[in-house]
>>> print(open('query_38.txt').read())   # compact mmCIF, C-alpha atoms and all ligand atoms
# COMPACT_ATOMS: atom_id res chain seq x y z
CA MET A 1 0.00 0.00 0.00
CA ARG A 2 2.78 2.38 0.95
CA LYS A 3 4.50 1.63 -2.38
CA VAL A 4 1.29 2.51 -4.21
CA ILE A 5 1.07 5.82 -2.30
CA TYR A 6 4.70 6.58 -3.17
CA ALA A 7 4.04 5.75 -6.80
CA ILE A 8 0.98 8.02 -6.91
CA ALA A 9 2.94 10.80 -5.21
CA ILE A 10 5.76 10.48 -7.74
CA ILE A 11 3.32 10.49 -10.66
CA CYS A 12 1.61 13.60 -9.23
CA LEU A 13 4.96 15.32 -8.76
CA PHE A 14 5.98 14.44 -12.30
CA TYR A 15 2.81 15.93 -13.74
CA THR A 16 3.13 19.05 -11.62
CA ILE A 17 6.66 19.61 -12.89
CA LYS A 18 5.60 18.84 -16.44
CA THR A 19 2.72 21.33 -16.48
CA GLN A 20 4.92 23.95 -14.86
CA ALA A 21 7.55 23.44 -17.54
CA GLN A 22 4.95 23.85 -20.28
CA THR A 23 3.58 27.11 -18.94
CA ALA A 24 6.79 28.51 -17.43
CA ALA A 25 7.42 30.65 -20.50
CA PHE A 26 4.37 32.76 -19.81
CA ASP A 27 4.25 34.76 -16.61
CA SER A 28 0.68 36.02 -16.28
CA ALA A 29 1.43 37.87 -13.02
CA TYR A 30 4.17 39.80 -14.82
CA ALA A 31 1.87 40.79 -17.68
CA ARG A 32 -0.80 41.96 -15.26
CA GLN A 33 1.76 43.85 -13.21
CA MET A 34 2.95 45.71 -16.31
CA VAL A 35 -0.61 46.68 -17.25
CA ASP A 36 -1.27 47.81 -13.68
CA THR A 37 1.91 49.90 -13.57
CA LEU A 38 1.57 51.54 -16.98
CA ALA A 39 -2.17 52.15 -16.61
CA SER A 40 -2.01 53.34 -13.01
CA PRO A 41 -3.69 56.73 -12.44
CA PHE A 42 -0.23 57.85 -11.25
CA SER A 43 1.02 57.27 -14.81
CA LEU A 44 -1.24 60.23 -15.77
CA GLY A 45 -2.41 58.63 -18.99
CA ARG A 46 1.17 58.51 -20.34
CA GLY A 47 0.66 61.94 -21.83
CA TYR A 48 2.73 65.11 -21.67
CA TYR A 49 1.88 66.68 -18.32
CA ARG A 50 4.75 66.17 -15.86
CA ASN A 51 6.58 64.18 -18.54
CA ALA A 52 4.29 61.22 -17.95
CA ASP A 53 5.29 59.77 -21.32
CA GLU A 54 8.94 59.84 -20.34
CA ASN A 55 8.14 58.04 -17.09
CA ALA A 56 6.39 55.31 -19.08
CA ALA A 57 9.41 55.04 -21.39
CA ASN A 58 11.61 54.70 -18.28
CA ILE A 59 9.45 51.86 -16.98
CA ILE A 60 9.96 49.97 -20.26
CA ALA A 61 13.70 50.69 -20.40
CA THR A 62 14.06 49.53 -16.78
CA GLU A 63 12.30 46.26 -17.66
CA PHE A 64 14.62 45.79 -20.65
CA TYR A 65 17.61 46.38 -18.39
CA LYS A 66 16.38 43.97 -15.71
CA MET A 67 15.71 41.17 -18.19
CA LYS A 68 19.03 41.83 -19.99
CA VAL A 69 17.53 42.97 -23.27
CA LYS A 70 20.40 45.00 -24.69
CA PRO A 71 20.34 48.59 -25.94
CA PHE A 72 21.48 49.20 -29.54
CA GLU A 73 23.60 52.12 -28.40
CA LYS A 74 25.82 51.75 -25.36
CA ASN A 75 23.88 52.52 -22.15
CA ASN A 76 21.06 54.10 -24.14
CA TYR A 77 17.68 52.51 -24.79
CA TYR A 78 16.19 55.73 -26.19
CA GLN A 79 15.76 57.41 -29.52
CA GLN A 80 14.51 60.97 -29.27
CA PHE A 81 12.29 62.94 -31.62
CA HIS A 82 10.47 66.26 -31.43
CA PHE A 83 6.92 67.48 -31.90
CA SER A 84 4.37 70.02 -30.71
CA VAL A 85 1.41 69.09 -28.52
CA ASN A 86 -1.61 70.76 -26.94
CA THR A 87 -2.35 69.67 -23.35
CA PHE A 88 -4.95 70.31 -20.62
CA PRO A 89 -3.05 70.02 -17.34
CA HIS A 90 -5.18 72.23 -15.10
CA THR A 91 -8.72 73.62 -15.25
CA VAL A 92 -11.23 72.18 -17.73
CA ASN A 93 -14.66 73.34 -16.56
CA VAL A 94 -17.84 73.34 -18.59
CA ALA A 95 -21.07 74.49 -16.94
CA LEU A 96 -24.67 74.88 -18.13
CA LYS A 97 -26.44 77.63 -16.15
CA LYS A 98 -25.15 76.72 -12.66
CA ARG A 99 -24.74 73.02 -13.44
CA GLN A 100 -21.12 71.89 -13.46
CA LEU A 101 -20.52 68.98 -15.84
CA LYS A 102 -18.16 66.07 -15.22
CA PRO A 103 -15.11 66.10 -17.53
CA GLY A 104 -14.58 62.84 -19.38
CA ALA A 105 -17.96 61.45 -18.30
CA ASP A 106 -20.38 64.20 -19.41
CA PHE A 107 -18.20 65.98 -21.95
CA ILE A 108 -14.82 66.20 -23.63
CA VAL A 109 -13.18 69.22 -25.20
CA SER A 110 -11.67 68.59 -28.60
CA PRO A 111 -7.90 68.07 -28.32
CA GLY A 112 -7.10 71.21 -30.33
CA THR A 113 -9.27 73.46 -28.16
CA PRO A 114 -7.50 76.72 -27.21
CA ALA A 115 -7.50 78.27 -23.72
CA THR A 116 -10.99 79.74 -23.34
CA LYS A 117 -12.86 81.61 -20.64
CA GLY A 118 -16.34 83.02 -21.00
CA THR A 119 -20.09 82.55 -20.85
CA TYR A 120 -21.99 82.32 -24.14
CA LYS A 121 -25.60 82.13 -25.26
CA VAL A 122 -26.31 78.78 -26.88
CA MET A 123 -27.75 78.52 -30.38
CA TRP A 124 -29.39 75.11 -30.55
CA CYS A 125 -29.49 73.13 -33.78
CA ASP A 126 -31.76 70.17 -33.16
CA SER A 127 -31.67 66.83 -34.95
CA ASN A 128 -34.95 67.67 -36.71
CA THR A 129 -33.21 70.63 -38.34
CA ILE A 130 -30.08 68.57 -39.08
CA ASN A 131 -32.11 65.77 -40.66
CA ASN A 132 -33.90 68.20 -43.01
CA ARG A 133 -31.43 69.24 -45.73
CA ALA A 134 -33.17 72.54 -46.57
CA LYS A 135 -33.39 73.54 -42.89
CA LEU A 136 -29.79 72.51 -42.26
CA ASP A 137 -28.51 74.45 -45.28
CA LYS A 138 -30.35 77.53 -44.04
CA PHE A 139 -28.96 77.12 -40.52
CA ILE A 140 -25.35 76.73 -41.60
CA SER A 141 -25.51 79.53 -44.14
CA LYS A 142 -25.76 82.03 -41.26
CA LYS A 143 -23.03 83.33 -38.96
CA TYR A 144 -23.19 83.20 -35.16
CA PRO A 145 -20.36 85.48 -34.01
CA LYS A 146 -21.58 85.80 -30.41
CA LYS A 147 -23.02 82.34 -29.89
CA PHE A 148 -21.99 78.84 -28.87
CA VAL A 149 -23.69 76.63 -31.46
CA LEU A 150 -24.83 73.22 -30.27
CA PHE A 151 -25.61 70.45 -32.77
CA ASN A 152 -27.75 67.63 -31.41
CA MET A 153 -26.54 64.60 -33.37
CA LYS A 154 -28.82 62.15 -31.58
CA GLY A 155 -30.98 60.52 -34.24
CA VAL A 156 -28.78 61.77 -37.08
CA ASN A 157 -27.78 58.65 -38.98
CA ASP A 158 -27.27 59.76 -42.57
CA GLU A 159 -23.55 59.67 -43.36
CA THR A 160 -23.62 62.59 -45.82
CA THR A 161 -25.41 64.76 -43.25
CA LYS A 162 -22.86 63.78 -40.60
CA LYS A 163 -20.07 64.78 -42.99
CA ILE A 164 -21.65 68.16 -43.71
CA VAL A 165 -22.04 68.94 -40.00
CA GLY A 166 -18.56 67.55 -39.29
CA LYS A 167 -17.06 70.00 -41.76
CA VAL A 168 -18.96 72.94 -40.24
CA ILE A 169 -17.68 71.91 -36.80
CA SER A 170 -14.05 71.36 -37.78
CA SER A 171 -13.66 74.60 -39.74
CA ASN A 172 -16.28 76.76 -38.00
CA THR A 173 -17.73 78.08 -41.24
CA ILE A 174 -20.57 79.54 -39.14
CA GLY A 175 -18.17 81.89 -37.30
CA ALA A 176 -19.33 80.83 -33.83
CA LYS A 177 -17.60 81.57 -30.50
CA GLY A 178 -17.54 77.86 -29.88
CA ILE A 179 -19.20 74.71 -31.16
CA GLY A 180 -20.70 71.75 -29.38
CA GLN A 181 -22.25 68.49 -30.40
CA ILE A 182 -24.27 65.87 -28.57
CA LYS A 183 -23.04 62.34 -29.30
CA ASP A 184 -23.63 58.75 -28.19
CA LYS A 185 -19.96 58.07 -27.44
CA LEU A 186 -17.17 60.38 -26.29
CA THR A 187 -13.88 59.49 -27.96
CA TRP A 188 -10.90 61.66 -27.12
CA SER A 189 -7.53 62.09 -28.87
CA VAL A 190 -4.45 64.38 -28.79
CA SER A 191 -3.52 67.24 -31.10
CA THR A 192 -0.24 68.71 -32.29
CA THR A 193 -1.98 71.98 -33.16
CA VAL A 194 -4.32 74.52 -31.54
CA ASP A 195 -7.66 75.40 -33.14
CA GLY A 196 -8.99 78.93 -33.40
CA PHE A 197 -12.14 78.15 -31.37
CA PRO A 198 -13.25 75.70 -28.64
CA THR A 199 -15.21 72.54 -29.42
CA VAL A 200 -17.06 70.51 -26.80
CA GLU A 201 -18.69 67.10 -27.20
CA PHE A 202 -21.50 66.18 -24.81
CA LEU A 203 -22.70 62.67 -24.12
CA THR A 204 -26.31 61.97 -25.12
CA GLY A 205 -28.50 62.30 -22.04
CA VAL A 206 -26.43 65.06 -20.44
CA ILE A 207 -28.46 67.70 -22.29
CA THR A 208 -31.93 66.53 -23.27
CA LYS A 209 -33.81 69.79 -23.71
CA LYS A 210 -33.07 73.15 -25.22
CA LYS A 211 -33.91 74.94 -21.97
CA GLU A 212 -31.20 72.99 -20.10
CA ALA A 213 -28.56 74.65 -22.22
CA LYS A 214 -29.53 78.28 -22.73
CA LYS A 215 -26.10 79.44 -21.63
CA ILE A 216 -22.74 77.73 -21.44
CA SER A 217 -19.69 78.70 -19.38
CA LEU A 218 -16.25 77.54 -20.45
CA ASP A 219 -13.14 77.77 -18.32
CA ILE A 220 -10.41 75.87 -20.13
CA GLU A 221 -6.69 76.19 -19.46
CA THR A 222 -4.18 74.73 -21.86
CA GLN A 223 -0.44 74.24 -22.11
CA PHE A 224 0.94 74.13 -25.62
CA TYR A 225 4.44 72.73 -26.12
CA ASP A 226 5.95 73.77 -29.43
CA ASP A 227 9.08 71.63 -29.06
CA TYR A 228 8.42 68.60 -26.91
CA THR A 229 10.96 65.77 -26.78
CA GLY A 230 9.45 62.31 -27.21
CA ARG A 231 11.24 58.98 -27.28
CA ASN A 232 11.14 55.45 -28.60
CA VAL A 233 12.53 52.69 -26.38
CA LEU A 234 14.65 50.12 -28.23
CA GLY A 235 16.31 46.87 -27.21
CA PHE A 236 17.28 43.49 -28.62
CA VAL A 237 18.28 39.92 -27.86
CA LYS A 238 20.99 38.52 -30.12
CA GLY A 239 19.98 35.57 -32.31
CA THR A 240 21.73 32.21 -31.96
CA GLU A 241 21.99 31.38 -35.68
CA VAL A 242 21.21 34.46 -37.78
CA PRO A 243 22.11 37.36 -35.49
CA ASP A 244 22.18 40.03 -38.22
CA SER A 245 18.55 39.42 -39.13
CA PHE A 246 15.73 40.61 -36.85
CA ILE A 247 12.19 39.77 -35.88
CA VAL A 248 10.64 42.87 -34.31
CA PHE A 249 7.88 43.10 -31.71
CA SER A 250 6.61 46.59 -31.00
CA SER A 251 3.88 48.44 -29.11
CA HIS A 252 3.20 52.12 -28.45
CA TYR A 253 3.35 53.14 -24.79
CA ASP A 254 1.98 56.70 -25.05
CA HIS A 255 -1.70 57.50 -24.53
CA LEU A 256 -3.88 60.60 -24.23
CA GLY A 257 -2.86 61.99 -20.84
CA ILE A 258 -5.30 64.01 -18.79
CA MET A 259 -8.13 66.43 -19.56
CA GLY A 260 -8.05 68.70 -16.54
CA THR A 261 -7.22 67.37 -13.10
CA GLU A 262 -10.24 65.05 -12.92
CA ALA A 263 -10.26 63.10 -16.17
CA ILE A 264 -7.35 60.68 -16.53
CA PHE A 265 -7.25 58.61 -19.69
CA THR A 266 -5.28 55.67 -18.31
CA GLY A 267 -5.30 53.65 -21.55
CA ALA A 268 -5.17 50.16 -20.07
CA ASN A 269 -6.23 48.42 -23.27
CA ASP A 270 -4.72 51.12 -25.50
CA ASN A 271 -1.92 50.34 -25.05
CA ALA A 272 -0.63 49.26 -21.63
CA SER A 273 -1.86 45.81 -22.73
CA GLY A 274 0.25 45.83 -25.91
CA CYS A 275 3.30 46.92 -23.90
CA ALA A 276 2.67 44.09 -21.46
CA MET A 277 2.64 41.71 -24.45
CA MET A 278 5.81 43.19 -25.97
CA LEU A 279 7.57 43.03 -22.58
CA SER A 280 6.35 39.46 -21.90
CA LEU A 281 7.83 38.43 -25.25
CA ALA A 282 11.05 40.30 -24.49
CA LYS A 283 11.27 38.49 -21.15
CA HIS A 284 10.79 35.15 -22.88
CA TYR A 285 13.38 35.72 -25.63
CA ALA A 286 15.91 37.24 -23.21
CA ALA A 287 15.79 33.93 -21.32
CA HIS A 288 15.51 31.77 -24.46
CA PRO A 289 17.21 33.45 -27.42
CA ALA A 290 15.78 32.55 -30.82
CA LYS A 291 17.44 31.74 -34.13
CA TYR A 292 17.06 35.35 -35.33
CA SER A 293 17.83 38.42 -33.27
CA MET A 294 14.70 39.71 -31.59
CA ALA A 295 14.17 43.48 -31.37
CA PHE A 296 11.65 45.08 -29.00
CA ILE A 297 10.40 48.62 -29.42
CA GLY A 298 8.13 50.82 -27.33
CA TRP A 299 6.84 53.70 -29.44
CA GLY A 300 6.19 57.23 -28.27
CA GLY A 301 3.87 59.72 -29.95
CA GLU A 302 1.57 57.14 -31.58
CA GLU A 303 -1.63 58.89 -30.57
CA LEU A 304 -0.33 62.09 -32.19
CA GLY A 305 -0.12 60.36 -35.58
CA LEU A 306 2.43 57.50 -35.36
CA LEU A 307 5.19 60.04 -34.72
CA GLY A 308 7.64 57.64 -33.05
CA SER A 309 7.49 55.00 -35.77
CA PHE A 310 7.51 57.56 -38.61
CA ASN A 311 10.62 59.07 -37.02
CA TYR A 312 12.21 55.64 -36.57
CA VAL A 313 11.93 54.53 -40.21
CA GLU A 314 13.85 57.67 -41.18
CA HIS A 315 16.49 56.96 -38.50
CA PRO A 316 16.65 53.19 -38.05
CA VAL A 317 19.25 51.83 -35.62
CA PHE A 318 19.92 48.90 -37.98
CA PRO A 319 19.00 48.68 -41.68
CA LEU A 320 15.26 48.21 -42.30
CA GLY A 321 16.17 45.54 -44.84
CA LYS A 322 17.44 43.39 -41.96
CA ILE A 323 13.94 43.06 -40.54
CA LYS A 324 12.79 39.55 -41.35
CA PHE A 325 9.33 40.32 -39.99
CA MET A 326 7.65 42.77 -37.65
CA VAL A 327 4.61 42.33 -35.44
CA ASN A 328 3.16 45.44 -33.85
CA VAL A 329 0.65 44.87 -31.05
CA ASP A 330 -1.91 47.40 -29.88
CA ILE A 331 -5.05 46.70 -27.79
CA MET A 332 -4.28 43.24 -26.42
CA GLY A 333 -6.75 43.36 -23.54
CA THR A 334 -9.66 41.23 -24.74
CA GLY A 335 -9.80 38.54 -27.45
CA ASP A 336 -13.23 37.00 -26.76
CA ASP A 337 -13.87 37.18 -30.51
CA GLY A 338 -10.26 36.53 -31.53
CA ILE A 339 -7.82 38.89 -33.22
CA THR A 340 -7.51 40.93 -36.39
CA VAL A 341 -4.29 40.84 -38.40
CA VAL A 342 -3.91 44.17 -40.20
CA ASN A 343 -1.90 43.77 -43.42
CA GLY A 344 -2.64 40.04 -43.35
CA THR A 345 -3.49 40.42 -47.03
CA GLY A 346 -0.05 41.92 -47.70
CA TYR A 347 1.74 38.77 -46.44
CA LYS A 348 -0.86 36.08 -47.02
CA PRO A 349 1.39 33.00 -46.57
CA ARG A 350 2.53 34.38 -43.18
CA PHE A 351 -1.07 35.05 -42.27
CA ASP A 352 -2.02 31.53 -43.30
CA SER A 353 0.65 30.05 -41.06
CA MET A 354 -0.76 32.05 -38.15
CA VAL A 355 -4.22 30.69 -38.90
CA ALA A 356 -2.80 27.16 -39.06
CA ILE A 357 -1.09 27.52 -35.66
CA ASN A 358 -4.30 28.87 -34.19
CA LYS A 359 -6.28 25.93 -35.56
CA LYS A 360 -3.75 23.34 -34.43
CA LEU A 361 -3.45 24.68 -30.87
CA ASN A 362 -7.09 25.76 -30.64
CA LEU A 363 -6.19 29.16 -29.19
CA LEU A 364 -8.56 31.85 -30.46
CA LYS A 365 -12.09 31.93 -31.81
CA GLU A 366 -10.94 33.61 -35.00
CA VAL A 367 -7.83 35.05 -36.67
CA LYS A 368 -9.30 37.68 -38.98
CA ILE A 369 -7.59 39.15 -42.00
CA ARG A 370 -7.60 42.87 -42.85
CA ASN A 371 -5.97 45.06 -45.47
CA ASN A 372 -3.21 47.42 -44.45
CA ALA A 373 -4.34 50.59 -42.67
CA ALA A 374 -2.57 53.57 -41.09
CA ASN A 375 -3.98 52.70 -37.67
CA SER A 376 -0.83 51.84 -35.70
CA ASP A 377 2.98 51.79 -35.78
CA HIS A 378 3.42 48.99 -38.32
CA TYR A 379 2.27 51.43 -41.02
CA PRO A 380 5.45 53.47 -41.60
CA PHE A 381 7.35 50.17 -41.88
CA VAL A 382 4.95 48.70 -44.44
CA GLU A 383 5.29 51.95 -46.42
CA LYS A 384 9.05 51.30 -46.50
CA GLY A 385 8.55 47.75 -47.73
CA VAL A 386 9.19 46.02 -44.39
CA PRO A 387 7.07 42.89 -43.93
CA ALA A 388 4.82 43.66 -40.98
CA PHE A 389 1.53 42.82 -39.26
CA PHE A 390 -0.45 44.80 -36.76
CA ILE A 391 -2.51 42.67 -34.39
CA TYR A 392 -5.35 43.77 -32.10
CA THR A 393 -7.81 41.75 -30.04
CA LEU A 394 -11.56 41.64 -30.68
CA GLY A 395 -14.67 41.53 -28.48
CA GLY A 396 -15.22 42.17 -24.80
CA ILE A 397 -15.15 45.66 -23.33
CA LYS A 398 -16.10 48.66 -25.46
CA ALA A 399 -14.01 51.33 -23.70
CA TYR A 400 -11.79 53.12 -26.21
CA HIS A 401 -10.08 56.51 -25.96
CA ASP A 402 -12.27 57.33 -22.97
CA ILE A 403 -11.95 57.44 -19.16
CA TYR A 404 -13.36 53.91 -18.88
CA ASP A 405 -10.32 52.22 -20.46
CA LYS A 406 -9.07 51.22 -17.00
CA ARG A 407 -6.82 48.54 -15.56
CA GLU A 408 -9.54 47.38 -13.10
CA THR A 409 -11.86 46.41 -15.91
CA LEU A 410 -9.31 45.13 -18.42
CA PRO A 411 -10.07 41.41 -18.72
CA MET A 412 -6.96 40.23 -20.65
CA THR A 413 -9.22 37.34 -21.69
CA LYS A 414 -7.00 35.74 -24.35
CA PHE A 415 -3.69 37.38 -23.53
CA LYS A 416 -1.92 34.08 -22.93
CA GLU A 417 -3.36 32.56 -26.10
CA VAL A 418 -2.12 35.49 -28.22
CA TYR A 419 1.28 35.20 -26.53
CA ILE A 420 1.46 31.50 -27.42
CA LEU A 421 0.34 32.23 -30.98
CA LEU A 422 3.11 34.83 -31.39
CA THR A 423 5.86 32.64 -29.94
CA GLU A 424 4.75 29.74 -32.17
CA PHE A 425 4.63 32.13 -35.16
CA VAL A 426 8.28 33.09 -34.53
CA LYS A 427 9.18 29.38 -34.75
CA THR A 428 7.96 29.30 -38.38
CA PHE A 429 10.82 31.57 -39.47
ZN ZN A 501 -3.29 52.58 -29.51
>>> encode(input="query_38.txt", output="structure tokens", more="lines below")
Ligand SMILES: [Zn+2]
Amino acid sequence: MRKVIYAIAIICLFYTIKTQAQTAAFDSAYARQMVDTLASPFSLGRGYYRNADENAANIIATEFYKMKVKPFEKNNYYQQFHFSVNTFPHTVNVALKKRQLKPGADFIVSPGTPATKGTYKVMWCDSNTINNRAKLDKFISKKYPKKFVLFNMKGVNDETTKKIVGKVISSNTIGAKGIGQIKDKLTWSVSTTVDGFPTVEFLTGVITKKKEAKKISLDIETQFYDDYTGRNVLGFVKGTEVPDSFIVFSSHYDHLGIMGTEAIFTGANDNASGCAMMLSLAKHYAAHPAKYSMAFIGWGGEELGLLGSFNYVEHPVFPLGKIKFMVNVDIMGTGDDGITVVNGTGYKPRFDSMVAINKKLNLLKEVKIRNNAANSDHYPFVEKGVPAFFIYTLGGIKAYHDIYDKRETLPMTKFKEVYILLTEFVKTF
């Protein structure tokens, strides 16, 4: 009997060791820790107030250093570049009559909004007017030099109409003091320029009747930087067989920053999650070097228009022609419905091998194909003829470029599966 117990114990021990060995390459606690650190409210949305972007870059460089991912230049993981950026580090108040609205939740100011202080009479343009072409044409043919014009887009579904109103809003052809619109979803971004007038977007339900918004008070402070220094973070692990050829994994670490002191856009999914994936892969290849050299890049300035990657392709630290393949990851936090491979059509055999791995290992619900698009940092590389994919996860939470993209609610549903897919994909080279 005792022998049997010993035998069972040994078998159990063997299986414990075996399963540990199989999953040892992926450290889920590490990935979660990276998301939590980068998307902490203390990271201030990895924007430009208090050099929050630089702090995020430091976090990545420190991880590279700890895991012995080497810098391309001695003692320097960074590549600097310059740009201008409009920020909202202090007061961003919008009030209707005496009612103070909640920044981020009730409204956002457009990223190019200039510093503004004043109270304005509101000129309401209801959806009934917008949906009637003759009425809309009449409304937008007039000028409103003393008014804040508010377009209620709720119930406006015609794309041409939306375009017409969008153009009026972006170029203020109606000569208003400021322009607002009521929308179903608030989606923020960052701007390198300052507009000539303020724009405010209100969430549907915040203003339901004309009489609720007879007057609007704006108190918006801005800080415009005309020469801000951004940085990419670069490191590599030398290949065992073909060290002068690289497979690149990249992710942007910057996000939108803050809109006033209350609204922090922490960007857990976009793109603390992608950085956690890039760093998890770096950790793996630092411990287990691959046949090819593996390069890892954290991009700055992505949300401003792929500035870090556009800068990089003009100043590469090794020839672009030495990139065997590049995978850029952005928005890795869900995966309930699988992933999309942007530029999958550009490198179809590579895409097919990814699909085959997914099928064989039964990892994700779907590996979707998509044409190339200028929607993340792979794009400047593809433009230069570098073979590259951009992968993002599908399904799950809807938070995007808003205050709800938080670490607490980021599920990381298929993070491990995507990680396995990527490591298996590398083996096909
Ligand atoms: Zn992003």
>>> closest_residue(input="query_38.txt", among="A:Ile60, A:Val200, A:Ile207, A:Ile164", to="Met278 (chain A)", atoms="only C-alpha atoms")
A:Ile60
>>> residues_around(input="query_38.txt", residues="Ala295 (chain A)", least_positions_apart="4", cutoff="9 Å", atoms="only C-alpha atoms", output="list of chain:residue names")
A:Val69, A:Leu234, A:Gly235, A:Phe236, A:Val237, A:Lys238, A:Phe246, A:Ile247, A:Val248, A:Phe249, A:Ser250, A:Ala282
>>> closest_residue(input="query_38.txt", among="A:His378, A:His284, A:Lys368, A:His82", to="ligand ZN 501 (chain A)", atoms="all atoms listed in the file")
A:His378
>>> closest_residue(input="query_38.txt", among="A:Leu101, A:Ala268, A:Leu421, A:Leu279", to="ligand ZN 501 (chain A)", atoms="only C-alpha atoms and all ligand atoms")
A:Ala268
>>> residues_near_point(input="query_38.txt", point="(-7.5, 63.4, -19.2)", cutoff="12 Å", atoms="only C-alpha atoms", output="PyMOL selection string")
chain A and resi 41+43-49+87-92+102-105+107-111+187-190+255-267+401-405
>>> atom_distance(input="query_38.txt", atom1="CA of Phe351 (chain A)", atom2="CA of Asn375 (chain A)")
18.5 Å
>>> closest_residue(input="query_38.txt", among="A:Lys97, A:Lys416, A:Arg350, A:His252", to="ligand ZN 501 (chain A)", atoms="all atoms listed in the file")
A:His252
>>> closest_residue(input="query_38.txt", among="A:Gly395, A:Gly344, A:Pro316, A:Gly333", to="ligand ZN 501 (chain A)", atoms="all atoms listed in the file")
A:Gly333
>>> residues_around(input="query_38.txt", residues="Ile391 (chain A)", least_positions_apart="2", cutoff="10 Å", atoms="all atoms listed in the file", output="JSON list (two decimals) with C-alpha atoms, in the frame of the given file")
[["chain", "number", "residue", "atom", "x", "y", "z"],
["A", 274, "GLY", "CA", 0.25, 45.83, -25.91],
["A", 327, "VAL", "CA", 4.61, 42.33, -35.44],
["A", 328, "ASN", "CA", 3.16, 45.44, -33.85],
["A", 329, "VAL", "CA", 0.65, 44.87, -31.05],
["A", 330, "ASP", "CA", -1.91, 47.40, -29.88],
["A", 331, "ILE", "CA", -5.05, 46.70, -27.79],
["A", 332, "MET", "CA", -4.28, 43.24, -26.42],
["A", 339, "ILE", "CA", -7.82, 38.89, -33.22],
["A", 340, "THR", "CA", -7.51, 40.93, -36.39],
["A", 341, "VAL", "CA", -4.29, 40.84, -38.40],
["A", 342, "VAL", "CA", -3.91, 44.17, -40.20],
["A", 343, "ASN", "CA", -1.90, 43.77, -43.42],
["A", 344, "GLY", "CA", -2.64, 40.04, -43.35],
["A", 367, "VAL", "CA", -7.83, 35.05, -36.67],
["A", 368, "LYS", "CA", -9.30, 37.68, -38.98],
["A", 369, "ILE", "CA", -7.59, 39.15, -42.00],
["A", 370, "ARG", "CA", -7.60, 42.87, -42.85],
["A", 376, "SER", "CA", -0.83, 51.84, -35.70],
["A", 378, "HIS", "CA", 3.42, 48.99, -38.32],
["A", 388, "ALA", "CA", 4.82, 43.66, -40.98],
["A", 389, "PHE", "CA", 1.53, 42.82, -39.26],
["A", 393, "THR", "CA", -7.81, 41.75, -30.04],
["A", 394, "LEU", "CA", -11.56, 41.64, -30.68],
["A", 418, "VAL", "CA", -2.12, 35.49, -28.22]]
>>> atom_distance(input="query_38.txt", atom1="CA of Gly196 (chain A)", atom2="CA of Thr113 (chain A)")
7.6 Å
>>> residues_around(input="query_38.txt", residues="region 132-141 of chain A", least_positions_apart="5", cutoff="10 Å", atoms="only C-alpha atoms", output="ChimeraX atom specification")
/A:125-127,161,164-165,168,172-175
>>> closest_residue(input="query_38.txt", among="A:Met412, A:Val317, A:Leu306, A:Glu366", to="ligand ZN 501 (chain A)", atoms="only C-alpha atoms and all ligand atoms")
A:Leu306
>>> residues_around(input="query_38.txt", residues="Phe224 (chain A)", least_positions_apart="6", cutoff="8 Å", atoms="all atoms listed in the file", output="count of residues only")
5
>>> atom_distance(input="query_38.txt", atom1="CA of Lys210 (chain A)", atom2="CA of Ile182 (chain A)")
11.9 Å
>>> residues_around(input="query_38.txt", residues="Ser273 (chain A)", least_positions_apart="2", cutoff="6 Å", atoms="all atoms listed in the file", output="number ranges by chain")
A: 35, 269, 271, 275-276, 332-333
>>> residues_near_point(input="query_38.txt", point="(-29.7, 57.3, -34.4)", cutoff="10 Å", atoms="all atoms listed in the file", output="PyMOL selection string")
chain A and resi 127+153-158+183-184
>>> decode(input="query_38.txt", residues="region 188-210 of chain A", atoms="C-alpha atoms", output="CSV table (one decimal), in the first residue's frame")
chain,number,residue,atom,x,y,z
A,188,TRP,CA,-10.9,61.7,-27.1
A,189,SER,CA,-7.5,62.1,-28.9
A,190,VAL,CA,-4.4,64.4,-28.8
A,191,SER,CA,-3.5,67.2,-31.1
A,192,THR,CA,-0.2,68.7,-32.3
A,193,THR,CA,-2.0,72.0,-33.2
A,194,VAL,CA,-4.3,74.5,-31.5
A,195,ASP,CA,-7.7,75.4,-33.1
A,196,GLY,CA,-9.0,78.9,-33.4
A,197,PHE,CA,-12.1,78.2,-31.4
A,198,PRO,CA,-13.3,75.7,-28.6
A,199,THR,CA,-15.2,72.5,-29.4
A,200,VAL,CA,-17.1,70.5,-26.8
A,201,GLU,CA,-18.7,67.1,-27.2
A,202,PHE,CA,-21.5,66.2,-24.8
A,203,LEU,CA,-22.7,62.7,-24.1
A,204,THR,CA,-26.3,62.0,-25.1
A,205,GLY,CA,-28.5,62.3,-22.0
A,206,VAL,CA,-26.4,65.1,-20.4
A,207,ILE,CA,-28.5,67.7,-22.3
A,208,THR,CA,-31.9,66.5,-23.3
A,209,LYS,CA,-33.8,69.8,-23.7
A,210,LYS,CA,-33.1,73.2,-25.2
